$ cat run.txt   # compact mmCIF, C-alpha atoms and all ligand atoms
# COMPACT_ATOMS: atom_id res chain seq x y z
CA MET A 1 60.21 139.32 63.45
CA MET A 2 57.98 138.10 66.27
CA PRO A 3 54.96 140.25 67.02
CA ASP A 4 54.53 141.22 70.62
CA THR A 5 50.98 142.24 71.30
CA GLU A 6 51.85 144.56 74.17
CA SER A 7 54.69 146.61 72.76
CA SER A 8 56.30 147.34 69.46
CA PRO A 9 60.02 147.54 70.11
CA ALA A 10 62.18 149.73 67.90
CA ALA A 11 62.51 147.91 64.62
CA ALA A 12 66.17 148.80 64.18
CA ALA A 13 67.17 147.01 67.36
CA ALA A 14 64.85 144.06 66.85
CA ASP A 15 66.12 143.37 63.37
CA GLN A 16 69.65 142.72 64.56
CA PRO A 17 70.21 139.00 64.26
CA PHE A 18 72.44 139.08 67.32
CA LEU A 19 74.00 141.42 69.88
CA ARG A 20 77.73 142.01 69.64
CA GLU A 21 78.68 143.71 72.90
CA LEU A 22 78.59 140.49 74.93
CA TRP A 23 80.67 137.37 75.51
CA TYR A 24 79.70 134.19 73.64
CA LEU A 25 80.57 130.61 74.52
CA VAL A 26 82.43 129.38 71.44
CA LEU A 27 83.41 125.85 72.45
CA PRO A 28 84.09 123.67 75.47
CA GLY A 29 87.76 123.88 76.43
CA SER A 30 88.16 120.12 75.98
CA LYS A 31 87.58 120.59 72.23
CA LEU A 32 90.65 122.81 72.02
CA PRO A 33 93.72 120.62 72.68
CA ALA A 34 97.24 122.11 72.85
CA ARG A 35 99.11 122.55 69.53
CA ARG A 36 95.93 122.33 67.48
CA LEU A 37 94.05 124.98 65.56
CA VAL A 38 90.27 124.98 65.43
CA ALA A 39 88.50 127.01 62.74
CA LYS A 40 84.98 128.24 63.43
CA THR A 41 82.68 130.87 62.00
CA VAL A 42 80.91 132.60 64.89
CA LEU A 43 78.61 135.65 64.61
CA GLY A 44 79.46 135.49 60.92
CA GLU A 45 83.16 136.04 61.58
CA PRO A 46 85.89 133.54 60.71
CA LEU A 47 87.88 132.58 63.80
CA VAL A 48 90.94 130.45 64.32
CA LEU A 49 91.30 129.28 67.90
CA GLY A 50 94.29 127.73 69.61
CA ARG A 51 96.22 127.69 72.87
CA GLY A 52 99.33 129.79 73.39
CA PRO A 53 102.50 128.55 75.11
CA ASP A 54 100.90 129.35 78.50
CA GLY A 55 97.95 127.08 77.71
CA GLN A 56 95.53 130.02 77.53
CA PRO A 57 93.16 130.06 74.56
CA PHE A 58 93.39 132.70 71.86
CA ALA A 59 91.11 133.66 68.97
CA LEU A 60 92.34 135.39 65.81
CA ARG A 61 90.61 136.38 62.61
CA ASP A 62 91.09 133.37 60.36
CA ILE A 63 92.43 135.30 57.39
CA CYS A 64 96.09 135.80 56.53
CA PRO A 65 96.73 139.54 56.07
CA HIS A 66 99.07 138.73 53.15
CA ARG A 67 96.82 137.13 50.55
CA GLY A 68 93.79 136.03 52.50
CA ILE A 69 94.09 132.27 52.96
CA PRO A 70 92.65 131.03 56.29
CA LEU A 71 95.40 130.82 58.88
CA SER A 72 93.80 127.60 60.09
CA CYS A 73 95.11 125.97 56.88
CA GLY A 74 98.64 126.51 58.19
CA ARG A 75 100.84 124.75 60.74
CA PHE A 76 100.92 125.46 64.44
CA ASP A 77 103.77 124.45 66.73
CA GLY A 78 102.08 125.55 69.97
CA ARG A 79 103.72 129.00 69.75
CA GLU A 80 103.26 130.35 66.26
CA ILE A 81 101.03 129.81 63.27
CA GLU A 82 102.83 129.42 59.96
CA CYS A 83 100.64 130.39 57.02
CA ALA A 84 100.18 127.56 54.51
CA TYR A 85 100.77 129.80 51.48
CA HIS A 86 104.04 131.74 51.99
CA GLY A 87 104.98 130.80 55.53
CA TRP A 88 104.43 134.16 57.24
CA ARG A 89 104.41 133.50 60.97
CA PHE A 90 102.07 134.90 63.63
CA ASP A 91 102.07 134.58 67.41
CA ALA A 92 99.06 134.10 69.69
CA GLU A 93 98.63 137.90 69.86
CA GLY A 94 98.29 138.07 66.08
CA ARG A 95 101.69 139.78 65.63
CA CYS A 96 103.70 138.88 62.55
CA THR A 97 107.05 137.43 63.61
CA ALA A 98 108.59 136.36 60.29
CA ILE A 99 108.24 136.76 56.51
CA PRO A 100 110.44 134.08 54.91
CA SER A 101 110.59 135.72 51.43
CA LEU A 102 112.47 138.79 52.70
CA VAL A 103 116.23 138.92 51.96
CA GLU A 104 118.58 140.45 54.47
CA ASP A 105 118.70 144.04 53.19
CA GLN A 106 114.95 144.33 52.55
CA ALA A 107 113.91 146.42 55.50
CA PHE A 108 110.28 145.67 56.23
CA ASP A 109 108.63 146.59 59.49
CA LEU A 110 106.89 143.42 60.67
CA GLY A 111 105.01 145.58 63.15
CA ARG A 112 102.86 146.79 60.24
CA VAL A 113 101.37 143.31 59.85
CA LYS A 114 98.80 142.20 62.35
CA VAL A 115 95.93 139.76 62.48
CA ALA A 116 92.85 140.96 64.37
CA ARG A 117 92.65 139.34 67.78
CA TYR A 118 89.44 138.72 69.72
CA PRO A 119 89.38 138.81 73.52
CA CYS A 120 89.19 135.16 74.55
CA ARG A 121 88.93 133.53 77.99
CA GLU A 122 88.46 130.12 79.47
CA VAL A 123 86.00 130.07 82.38
CA GLN A 124 84.78 126.94 84.20
CA GLY A 125 86.04 124.76 81.36
CA ASN A 126 84.55 126.74 78.45
CA VAL A 127 86.10 129.10 75.93
CA TRP A 128 84.36 132.46 75.55
CA VAL A 129 85.00 135.11 72.89
CA PHE A 130 84.02 138.77 72.86
CA PHE A 131 82.93 140.29 69.53
CA GLY A 132 82.19 143.85 70.57
CA ARG A 133 84.23 147.02 70.75
CA ASP A 134 85.31 147.19 74.37
CA PRO A 135 85.53 144.08 76.57
CA ASP A 136 86.10 146.27 79.64
CA GLN A 137 82.60 147.73 79.19
CA ALA A 138 81.03 144.30 78.67
CA PRO A 139 79.09 142.46 81.36
CA PRO A 140 81.13 139.64 82.91
CA ILE A 141 81.15 136.11 81.52
CA PRO A 142 78.31 134.28 83.29
CA GLU A 143 79.43 131.72 85.85
CA VAL A 144 77.65 128.76 87.38
CA ALA A 145 77.53 128.93 91.18
CA ASP A 146 79.07 126.23 93.40
CA VAL A 147 81.04 124.42 90.68
CA GLY A 148 84.50 124.57 89.12
CA ALA A 149 86.07 123.32 85.89
CA GLY A 150 86.70 119.97 87.62
CA ASP A 151 82.96 119.44 88.06
CA LEU A 152 82.36 119.69 84.30
CA LYS A 153 81.23 116.17 83.43
CA ILE A 154 79.42 116.38 80.10
CA ALA A 155 79.89 118.85 77.24
CA GLU A 156 77.78 118.36 74.15
CA SER A 157 77.59 120.71 71.19
CA MET A 158 75.01 120.49 68.43
CA LEU A 159 74.34 122.42 65.24
CA PHE A 160 70.85 123.90 64.88
CA HIS A 161 69.75 124.99 61.43
CA GLY A 162 67.89 128.17 62.21
CA PRO A 163 68.40 131.70 63.52
CA LEU A 164 69.46 132.48 67.08
CA ASP A 165 66.14 134.01 68.19
CA HIS A 166 64.13 130.86 67.57
CA ALA A 167 66.75 128.70 69.26
CA VAL A 168 66.66 130.94 72.35
CA VAL A 169 62.88 131.04 72.45
CA GLY A 170 62.88 127.24 72.21
CA LEU A 171 65.39 127.07 75.03
CA MET A 172 63.14 129.04 77.39
CA ASP A 173 59.82 127.64 76.19
CA PRO A 174 58.10 125.81 79.07
CA ALA A 175 55.25 124.29 77.05
CA HIS A 176 57.02 122.07 74.51
CA GLY A 177 58.42 119.49 76.95
CA PRO A 178 55.60 116.92 76.92
CA PHE A 179 55.38 117.04 73.12
CA VAL A 180 58.96 117.36 71.93
CA HIS A 181 60.68 115.49 74.76
CA ARG A 182 58.10 112.76 75.24
CA ALA A 183 60.00 109.68 76.38
CA TRP A 184 59.60 106.96 78.98
CA TRP A 185 62.58 108.33 80.90
CA TRP A 186 61.44 111.95 80.94
CA ARG A 187 57.87 112.98 80.20
CA SER A 188 54.62 111.48 79.03
CA LYS A 189 51.64 113.36 77.63
CA ALA A 190 49.53 112.17 80.57
CA SER A 191 51.92 113.84 82.97
CA ILE A 192 50.81 117.35 81.90
CA HIS A 193 49.55 119.42 84.79
CA ALA A 194 49.09 123.05 85.74
CA LYS A 195 52.16 124.86 87.00
CA ALA A 196 52.75 128.20 88.65
CA LYS A 197 56.28 129.54 88.97
CA GLN A 198 57.54 132.81 90.31
CA PHE A 199 59.84 134.79 88.02
CA ALA A 200 61.97 137.80 88.87
CA PRO A 201 64.33 140.08 86.98
CA SER A 202 68.04 139.19 87.29
CA PRO A 203 71.18 140.61 85.66
CA LEU A 204 70.55 140.89 81.88
CA GLY A 205 67.60 138.56 82.11
CA PHE A 206 65.20 136.82 84.42
CA THR A 207 65.11 133.96 86.89
CA MET A 208 62.62 131.24 87.63
CA VAL A 209 62.91 131.53 91.39
CA ARG A 210 64.23 128.51 93.29
CA HIS A 211 61.50 125.92 93.79
CA ARG A 212 61.04 122.18 94.26
CA ALA A 213 61.87 120.30 91.06
CA SER A 214 58.98 119.31 88.84
CA SER A 215 57.42 116.13 90.20
CA ASN A 216 56.70 114.75 86.73
CA SER A 217 60.31 114.82 85.54
CA ARG A 218 61.38 111.28 86.31
CA ALA A 219 65.09 111.97 85.87
CA TYR A 220 65.08 114.30 88.89
CA ARG A 221 63.98 111.52 91.21
CA LEU A 222 67.30 109.78 90.66
CA LEU A 223 69.05 112.62 92.44
CA GLY A 224 67.69 111.73 95.85
CA GLY A 225 66.55 114.16 98.54
CA VAL A 226 64.16 116.89 97.50
CA PRO A 227 65.90 118.68 94.66
CA GLU A 228 65.37 122.41 94.36
CA THR A 229 65.78 124.14 91.05
CA GLU A 230 66.53 127.67 89.91
CA ILE A 231 66.67 128.58 86.23
CA VAL A 232 68.37 131.76 85.08
CA PHE A 233 68.18 133.26 81.62
CA ARG A 234 70.68 135.90 80.66
CA LEU A 235 71.56 137.76 77.48
CA PRO A 236 72.75 137.01 74.93
CA SER A 237 71.46 133.43 75.06
CA ILE A 238 72.53 131.71 78.25
CA ARG A 239 70.40 129.46 80.42
CA ILE A 240 71.72 128.15 83.72
CA GLU A 241 69.75 125.53 85.59
CA HIS A 242 71.03 125.04 89.13
CA VAL A 243 69.69 122.04 91.03
CA ARG A 244 70.56 121.57 94.66
CA ALA A 245 69.97 118.13 96.15
CA GLY A 246 71.10 117.87 99.76
CA ARG A 247 74.75 118.97 99.89
CA HIS A 248 75.31 118.36 96.19
CA VAL A 249 74.60 120.36 93.06
CA LEU A 250 73.81 119.46 89.47
CA CYS A 251 73.95 122.34 87.01
CA GLY A 252 73.30 122.71 83.32
CA LEU A 253 74.76 125.61 81.37
CA THR A 254 73.19 125.97 77.95
CA ALA A 255 74.68 128.53 75.62
CA VAL A 256 73.20 129.16 72.20
CA THR A 257 75.78 130.79 69.96
CA PRO A 258 74.97 132.17 66.51
CA LEU A 259 77.38 131.01 63.84
CA GLY A 260 75.66 133.22 61.27
CA PRO A 261 72.18 134.66 60.71
CA ARG A 262 70.66 131.22 59.99
CA GLU A 263 72.96 128.85 61.81
CA THR A 264 73.22 128.35 65.55
CA GLU A 265 75.30 126.09 67.76
CA LEU A 266 73.95 124.89 71.05
CA HIS A 267 76.41 123.99 73.80
CA HIS A 268 75.08 122.04 76.73
CA ILE A 269 77.53 121.77 79.62
CA ILE A 270 76.66 119.73 82.70
CA TYR A 271 78.42 120.03 86.05
CA TRP A 272 77.83 117.93 89.12
CA THR A 273 79.46 117.30 92.45
CA MET A 274 78.13 113.81 93.32
CA PRO A 275 80.81 111.16 92.68
CA TRP A 276 78.32 108.31 92.17
CA LEU A 277 76.73 110.12 89.24
CA THR A 278 80.08 110.24 87.45
CA LEU A 279 79.97 106.43 87.20
CA LEU A 280 76.80 106.83 85.14
CA ARG A 281 78.30 109.34 82.75
CA PRO A 282 78.67 106.93 79.78
CA VAL A 283 74.99 106.03 80.15
CA LEU A 284 73.85 109.64 80.54
CA ARG A 285 75.63 111.08 77.54
CA PRO A 286 73.42 109.43 74.88
CA PHE A 287 70.32 110.63 76.74
CA VAL A 288 71.63 114.19 76.65
CA ARG A 289 72.30 113.92 72.90
CA THR A 290 68.84 112.47 72.30
CA PHE A 291 67.27 115.31 74.28
CA LEU A 292 69.17 118.02 72.39
CA GLY A 293 68.50 116.25 69.11
CA GLN A 294 64.76 116.51 69.80
CA ASP A 295 65.11 120.29 70.09
CA ARG A 296 67.27 120.42 66.95
CA ASP A 297 64.79 118.34 64.94
CA ILE A 298 61.70 120.31 65.96
CA MET A 299 63.50 123.52 65.06
CA ALA A 300 64.45 122.12 61.64
CA LYS A 301 60.77 121.36 61.03
CA GLN A 302 59.81 124.84 62.23
CA GLN A 303 62.14 126.35 59.62
CA VAL A 304 60.01 124.80 56.88
CA GLY A 305 57.07 126.93 57.99
CA LEU A 306 59.12 130.00 58.86
CA ALA A 307 60.52 130.07 55.31
CA HIS A 308 57.13 131.54 54.32
CA ASP A 309 57.52 134.36 56.85
CA PRO A 310 54.20 133.74 58.63
CA THR A 311 52.80 136.01 61.33
CA LEU A 312 53.37 134.31 64.70
CA LEU A 313 51.52 134.39 68.00
CA LEU A 314 53.05 134.63 71.43
CA ILE A 315 50.49 133.82 74.13
CA ASP A 316 50.50 134.37 77.88
CA ASP A 317 51.70 132.93 80.11
CA ALA A 318 53.61 130.14 78.35
CA ASP A 319 55.29 132.49 75.86
CA ARG A 320 56.03 135.22 78.39
CA PRO A 321 59.74 134.20 78.57
CA ALA A 322 59.90 134.60 74.78
CA LYS A 323 58.38 138.10 75.04
CA TRP A 324 60.86 138.97 77.76
CA TYR A 325 63.72 137.74 75.61
CA TYR A 326 62.77 140.05 72.73
CA ARG A 327 62.38 142.99 75.10
CA LEU A 328 65.70 142.31 76.81
CA LYS A 329 67.48 142.04 73.49
CA ASN A 330 65.95 145.26 72.22
CA GLU A 331 66.71 147.14 75.39
CA TYR A 332 70.33 145.95 75.34
CA ALA A 333 70.75 146.98 71.70
CA ARG A 334 69.25 150.42 72.37
CA ALA A 335 71.18 150.98 75.60
CA THR A 336 74.56 150.08 74.05
CA ALA A 337 73.80 152.16 70.93
CA ALA A 338 72.91 155.17 73.10
CA GLY A 339 75.77 154.59 75.55
CA ARG A 340 73.37 154.51 78.50
CA PRO A 341 72.91 151.90 81.26
CA PHE A 342 70.77 148.86 80.53
CA GLU A 343 67.36 148.92 82.25
CA ASN A 344 65.89 145.49 82.80
CA PRO A 345 62.33 145.53 81.38
CA VAL A 346 61.27 142.39 83.31
CA LYS A 347 59.00 142.80 86.35
CA PRO A 348 58.48 140.12 89.03
CA ARG A 349 55.57 137.94 87.99
CA LEU A 350 53.91 134.60 88.68
CA LEU A 351 53.58 132.64 85.43
CA ARG A 352 51.02 129.87 85.07
CA TRP A 353 50.83 127.27 82.35
CA ARG A 354 50.19 123.59 81.77
CA SER A 355 53.02 121.28 80.80
S1 LIG B 1 98.79 134.25 52.16
FE1 LIG B 1 99.59 133.90 54.10
S2 LIG B 1 101.70 134.10 53.85
FE2 LIG B 1 100.90 134.58 51.91
FE FE B 2 63.59 121.45 74.60

$ encode --input "run.txt" --output "structure tokens"
Amino acid sequence: MMPDTESSPAAAAADQPFLRELWYLVLPGSKLPARRLVAKTVLGEPLVLGRGPDGQPFALRDICPHRGIPLSCGRFDGREIECAYHGWRFDAEGRCTAIPSLVEDQAFDLGRVKVARYPCREVQGNVWVFFGRDPDQAPPIPEVADVGAGDLKIAESMLFHGPLDHAVVGLMDPAHGPFVHRAWWWRSKASIHAKAKQFAPSPLGFTMVRHRASSNSRAYRLLGGVPETEIVFRLPSIRIEHVRAGRHVLCGLTAVTPLGPRETELHHIIYWTMPWLTLLRPVLRPFVRTFLGQDRDIMAKQQVGLAHDPTLLLIDDADRPAKWYYRLKNEYARATAAGRPFENPVKPRLLRWRS
């Protein structure tokens, strides 16, 4: 694990690859059409996702309770899943509704057969799943202010080969931009300058307090006006960038979701309210993919070194968000294990770095 020079968090909590008692963004709702099943392994668990007759998404354990074949191999008519092997049928709640091999006088209580069901909700155009014990005790699904599902304009998902922690640290790392994302349309090395940003604790994380957008990010200039940005990080692995430009907003929701201990999926969802920008959507999408691909590729290279389990350095102030992330994660793991309220370990602080 990452050393933190100022504290040594409880090893038991730190060694968890991911927290369970939280909601995770599993896929954008547009990737889950009606009458289709989508199979996905998330947090190491096999899921089959679909939409019930009411259009609401559901998530079941993707294993038939009869003889174990994935339910996603079966057929789905928009109401029930029919297992590919012996045709047992299951509804969106995971209840068994039919076993075709039974003859009339073979009394068998179908109520005994059930597929585990995960709490699943669609919020602002994205499908979230809860993997913990009690969804009523869980913090709410994070929402982006000032936008609705109709403002969702771009949804890109990308596989990152590496563990969740490094993907999250990369997500909140302010110093890699000019090196990893160097491009004529975004940053050049010569554009590096000293920055000072105020940070404050916020629910389950921290916030880079609203400020004028970085003057060396060329893409922001297209927005017109004087854009103001706020960036929120929140456990488990959610970053929300909220840019206000005049009466319009442009928001990016990035959710990093562990598929397993060494595999992570990054979802980048962009919302905006300015109609003229929607005309540019086909042009913007490849830029977004290029940008995310740069993060994916640098992380793949990082894995080559990490395979040797080196000791790593986190330096102030540029790696302070990474230190906060590890502390937040540890505190959440300890608080849920002890059944006590979460205490945010982040204190308000001005961070200074060059990028
Ligand atoms: S394995 Fe699914 S019905 Fe037999
Ligand atoms: Fe990046």

$ residues_near_ligand --input "run.txt" --ligand "ligand LIG 1 (chain B)" --cutoff "9 Å" --atoms "only C-alpha atoms and all ligand atoms" --output "list in words"
Ile63, Cys64, Pro65, His66, Arg67, Gly68, Ile69, Pro70, Leu71, Gly74, Glu82, Cys83, Ala84, Tyr85, His86, Gly87, Trp88, Arg89, Ile99 and Pro100 of chain A

$ write_last_selection --input "run.txt" --atoms "C-alpha atoms" --output "mmCIF file, in the coordinates of the input"
data_model
loop_
_atom_site.group_PDB
_atom_site.id
_atom_site.type_symbol
_atom_site.label_atom_id
_atom_site.label_comp_id
_atom_site.auth_asym_id
_atom_site.auth_seq_id
_atom_site.Cartn_x
_atom_site.Cartn_y
_atom_site.Cartn_z
ATOM 1 C CA ILE A 63 92.430 135.300 57.390
ATOM 2 C CA CYS A 64 96.090 135.800 56.530
ATOM 3 C CA PRO A 65 96.730 139.540 56.070
ATOM 4 C CA HIS A 66 99.070 138.730 53.150
ATOM 5 C CA ARG A 67 96.820 137.130 50.550
ATOM 6 C CA GLY A 68 93.790 136.030 52.500
ATOM 7 C CA ILE A 69 94.090 132.270 52.960
ATOM 8 C CA PRO A 70 92.650 131.030 56.290
ATOM 9 C CA LEU A 71 95.400 130.820 58.880
ATOM 10 C CA GLY A 74 98.640 126.510 58.190
ATOM 11 C CA GLU A 82 102.830 129.420 59.960
ATOM 12 C CA CYS A 83 100.640 130.390 57.020
ATOM 13 C CA ALA A 84 100.180 127.560 54.510
ATOM 14 C CA TYR A 85 100.770 129.800 51.480
ATOM 15 C CA HIS A 86 104.040 131.740 51.990
ATOM 16 C CA GLY A 87 104.980 130.800 55.530
ATOM 17 C CA TRP A 88 104.430 134.160 57.240
ATOM 18 C CA ARG A 89 104.410 133.500 60.970
ATOM 19 C CA ILE A 99 108.240 136.760 56.510
ATOM 20 C CA PRO A 100 110.440 134.080 54.910
#

$ residues_near_ligand --input "run.txt" --ligand "ligand FE 2 (chain B)" --cutoff "10 Å" --atoms "all atoms listed in the file" --output "compact mmCIF listing (two decimals) with C-alpha atoms, keeping the file's coordinate frame"
# COMPACT_ATOMS: atom_id res chain seq x y z
CA ALA A 167 66.75 128.70 69.26
CA VAL A 169 62.88 131.04 72.45
CA GLY A 170 62.88 127.24 72.21
CA LEU A 171 65.39 127.07 75.03
CA MET A 172 63.14 129.04 77.39
CA ASP A 173 59.82 127.64 76.19
CA PRO A 174 58.10 125.81 79.07
CA ALA A 175 55.25 124.29 77.05
CA HIS A 176 57.02 122.07 74.51
CA GLY A 177 58.42 119.49 76.95
CA PRO A 178 55.60 116.92 76.92
CA PHE A 179 55.38 117.04 73.12
CA VAL A 180 58.96 117.36 71.93
CA HIS A 181 60.68 115.49 74.76
CA PHE A 291 67.27 115.31 74.28
CA LEU A 292 69.17 118.02 72.39
CA GLY A 293 68.50 116.25 69.11
CA GLN A 294 64.76 116.51 69.80
CA ASP A 295 65.11 120.29 70.09
CA ARG A 296 67.27 120.42 66.95
CA ILE A 298 61.70 120.31 65.96
CA MET A 299 63.50 123.52 65.06

$ closest_residue --input "run.txt" --among "A:Val226, A:Val115, A:Ala149, A:Leu351" --to "Phe199 in chain A" --atoms "all atoms listed in the file"
A:Leu351

$ closest_residue --input "run.txt" --among "A:Arg349, A:Val232, A:Gly260, A:Ala333" --to "Asp316 in chain A" --atoms "only C-alpha atoms"
A:Arg349

$ closest_atom_pairs --input "run.txt" --of "range 71-182 of chain A" --to "range 38-43 of chain A" --cutoff "9 Å" --atoms "all atoms listed in the file" --output "Markdown table"
| residue | atom | partner | partner_atom | distance |
| --- | --- | --- | --- | --- |
| A:Leu71 | CA | A:Ala39 | CA | 8.8 |
| A:Ser72 | CA | A:Ala39 | CA | 6.0 |
| A:Cys73 | CA | A:Ala39 | CA | 8.9 |
| A:Phe131 | CA | A:Leu43 | CA | 8.0 |

$ closest_residue --input "run.txt" --among "A:Ala107, A:Cys251, A:Leu164, A:Val209" --to "Glu265 in chain A" --atoms "only C-alpha atoms"
A:Leu164

$ closest_residue --input "run.txt" --among "A:Leu253, A:Ile154, A:Cys96, A:Val48" --to "Leu284 in chain A" --atoms "only C-alpha atoms"
A:Ile154

$ build_atoms --input "run.txt" --residues "range 123-131 of chain A" --atoms "all heavy atoms" --output "PDB file, in the frame of the given file"
ATOM      1  N   VAL A 123      86.642 129.948  81.067  1.00  0.00           N
ATOM      2  CA  VAL A 123      86.000 130.070  82.380  1.00  0.00           C
ATOM      3  C   VAL A 123      85.212 128.790  82.661  1.00  0.00           C
ATOM      4  O   VAL A 123      84.401 128.364  81.825  1.00  0.00           O
ATOM      5  CB  VAL A 123      85.059 131.301  82.409  1.00  0.00           C
ATOM      6  CG1 VAL A 123      84.277 131.359  83.709  1.00  0.00           C
ATOM      7  CG2 VAL A 123      85.857 132.588  82.224  1.00  0.00           C
ATOM      8  N   GLN A 124      85.473 128.174  83.779  1.00  0.00           N
ATOM      9  CA  GLN A 124      84.780 126.940  84.200  1.00  0.00           C
ATOM     10  C   GLN A 124      84.766 125.898  83.089  1.00  0.00           C
ATOM     11  O   GLN A 124      83.773 125.217  82.864  1.00  0.00           O
ATOM     12  CB  GLN A 124      83.355 127.270  84.654  1.00  0.00           C
ATOM     13  CG  GLN A 124      83.322 128.106  85.931  1.00  0.00           C
ATOM     14  CD  GLN A 124      81.918 128.358  86.426  1.00  0.00           C
ATOM     15  OE1 GLN A 124      81.028 128.683  85.651  1.00  0.00           O
ATOM     16  NE2 GLN A 124      81.722 128.208  87.739  1.00  0.00           N
ATOM     17  N   GLY A 125      85.885 125.822  82.360  1.00  0.00           N
ATOM     18  CA  GLY A 125      86.040 124.760  81.360  1.00  0.00           C
ATOM     19  C   GLY A 125      85.498 125.097  79.980  1.00  0.00           C
ATOM     20  O   GLY A 125      85.488 124.230  79.104  1.00  0.00           O
ATOM     21  N   ASN A 126      85.068 126.357  79.764  1.00  0.00           N
ATOM     22  CA  ASN A 126      84.550 126.740  78.450  1.00  0.00           C
ATOM     23  C   ASN A 126      85.281 127.957  77.897  1.00  0.00           C
ATOM     24  O   ASN A 126      85.700 128.823  78.661  1.00  0.00           O
ATOM     25  CB  ASN A 126      83.056 127.063  78.536  1.00  0.00           C
ATOM     26  CG  ASN A 126      82.265 125.879  79.021  1.00  0.00           C
ATOM     27  OD1 ASN A 126      82.275 124.820  78.387  1.00  0.00           O
ATOM     28  ND2 ASN A 126      81.615 126.010  80.163  1.00  0.00           N
ATOM     29  N   VAL A 127      85.393 128.002  76.577  1.00  0.00           N
ATOM     30  CA  VAL A 127      86.100 129.100  75.930  1.00  0.00           C
ATOM     31  C   VAL A 127      85.087 130.129  75.430  1.00  0.00           C
ATOM     32  O   VAL A 127      84.165 129.786  74.679  1.00  0.00           O
ATOM     33  CB  VAL A 127      86.962 128.570  74.758  1.00  0.00           C
ATOM     34  CG1 VAL A 127      87.642 129.723  74.024  1.00  0.00           C
ATOM     35  CG2 VAL A 127      87.998 127.570  75.275  1.00  0.00           C
ATOM     36  N   TRP A 128      85.256 131.365  75.889  1.00  0.00           N
ATOM     37  CA  TRP A 128      84.360 132.460  75.550  1.00  0.00           C
ATOM     38  C   TRP A 128      85.103 133.493  74.716  1.00  0.00           C
ATOM     39  O   TRP A 128      86.283 133.755  74.957  1.00  0.00           O
ATOM     40  CB  TRP A 128      83.826 133.144  76.807  1.00  0.00           C
ATOM     41  CG  TRP A 128      83.014 132.264  77.708  1.00  0.00           C
ATOM     42  CD1 TRP A 128      83.496 131.295  78.545  1.00  0.00           C
ATOM     43  CD2 TRP A 128      81.587 132.268  77.875  1.00  0.00           C
ATOM     44  NE1 TRP A 128      82.458 130.700  79.215  1.00  0.00           N
ATOM     45  CE2 TRP A 128      81.274 131.279  78.833  1.00  0.00           C
ATOM     46  CE3 TRP A 128      80.558 133.030  77.319  1.00  0.00           C
ATOM     47  CZ2 TRP A 128      79.965 131.023  79.231  1.00  0.00           C
ATOM     48  CZ3 TRP A 128      79.253 132.766  77.729  1.00  0.00           C
ATOM     49  CH2 TRP A 128      78.963 131.774  78.661  1.00  0.00           C
ATOM     50  N   VAL A 129      84.397 134.088  73.757  1.00  0.00           N
ATOM     51  CA  VAL A 129      85.000 135.110  72.890  1.00  0.00           C
ATOM     52  C   VAL A 129      84.104 136.341  72.903  1.00  0.00           C
ATOM     53  O   VAL A 129      82.879 136.230  72.951  1.00  0.00           O
ATOM     54  CB  VAL A 129      85.192 134.569  71.446  1.00  0.00           C
ATOM     55  CG1 VAL A 129      85.665 135.671  70.500  1.00  0.00           C
ATOM     56  CG2 VAL A 129      86.178 133.405  71.430  1.00  0.00           C
ATOM     57  N   PHE A 130      84.757 137.505  72.874  1.00  0.00           N
ATOM     58  CA  PHE A 130      84.020 138.770  72.860  1.00  0.00           C
ATOM     59  C   PHE A 130      84.120 139.402  71.474  1.00  0.00           C
ATOM     60  O   PHE A 130      85.219 139.528  70.923  1.00  0.00           O
ATOM     61  CB  PHE A 130      84.607 139.716  73.915  1.00  0.00           C
ATOM     62  CG  PHE A 130      83.897 141.025  73.993  1.00  0.00           C
ATOM     63  CD1 PHE A 130      82.622 141.116  74.513  1.00  0.00           C
ATOM     64  CD2 PHE A 130      84.513 142.194  73.535  1.00  0.00           C
ATOM     65  CE1 PHE A 130      81.959 142.337  74.576  1.00  0.00           C
ATOM     66  CE2 PHE A 130      83.862 143.407  73.595  1.00  0.00           C
ATOM     67  CZ  PHE A 130      82.581 143.486  74.126  1.00  0.00           C
ATOM     68  N   PHE A 131      82.979 139.789  70.913  1.00  0.00           N
ATOM     69  CA  PHE A 131      82.930 140.290  69.530  1.00  0.00           C
ATOM     70  C   PHE A 131      82.679 141.780  69.446  1.00  0.00           C
ATOM     71  O   PHE A 131      82.560 142.322  68.358  1.00  0.00           O
ATOM     72  CB  PHE A 131      81.840 139.538  68.757  1.00  0.00           C
ATOM     73  CG  PHE A 131      82.162 138.084  68.540  1.00  0.00           C
ATOM     74  CD1 PHE A 131      81.867 137.150  69.512  1.00  0.00           C
ATOM     75  CD2 PHE A 131      82.794 137.662  67.380  1.00  0.00           C
ATOM     76  CE1 PHE A 131      82.185 135.813  69.330  1.00  0.00           C
ATOM     77  CE2 PHE A 131      83.115 136.342  67.196  1.00  0.00           C
ATOM     78  CZ  PHE A 131      82.815 135.401  68.171  1.00  0.00           C
TER      79      PHE A 131
END
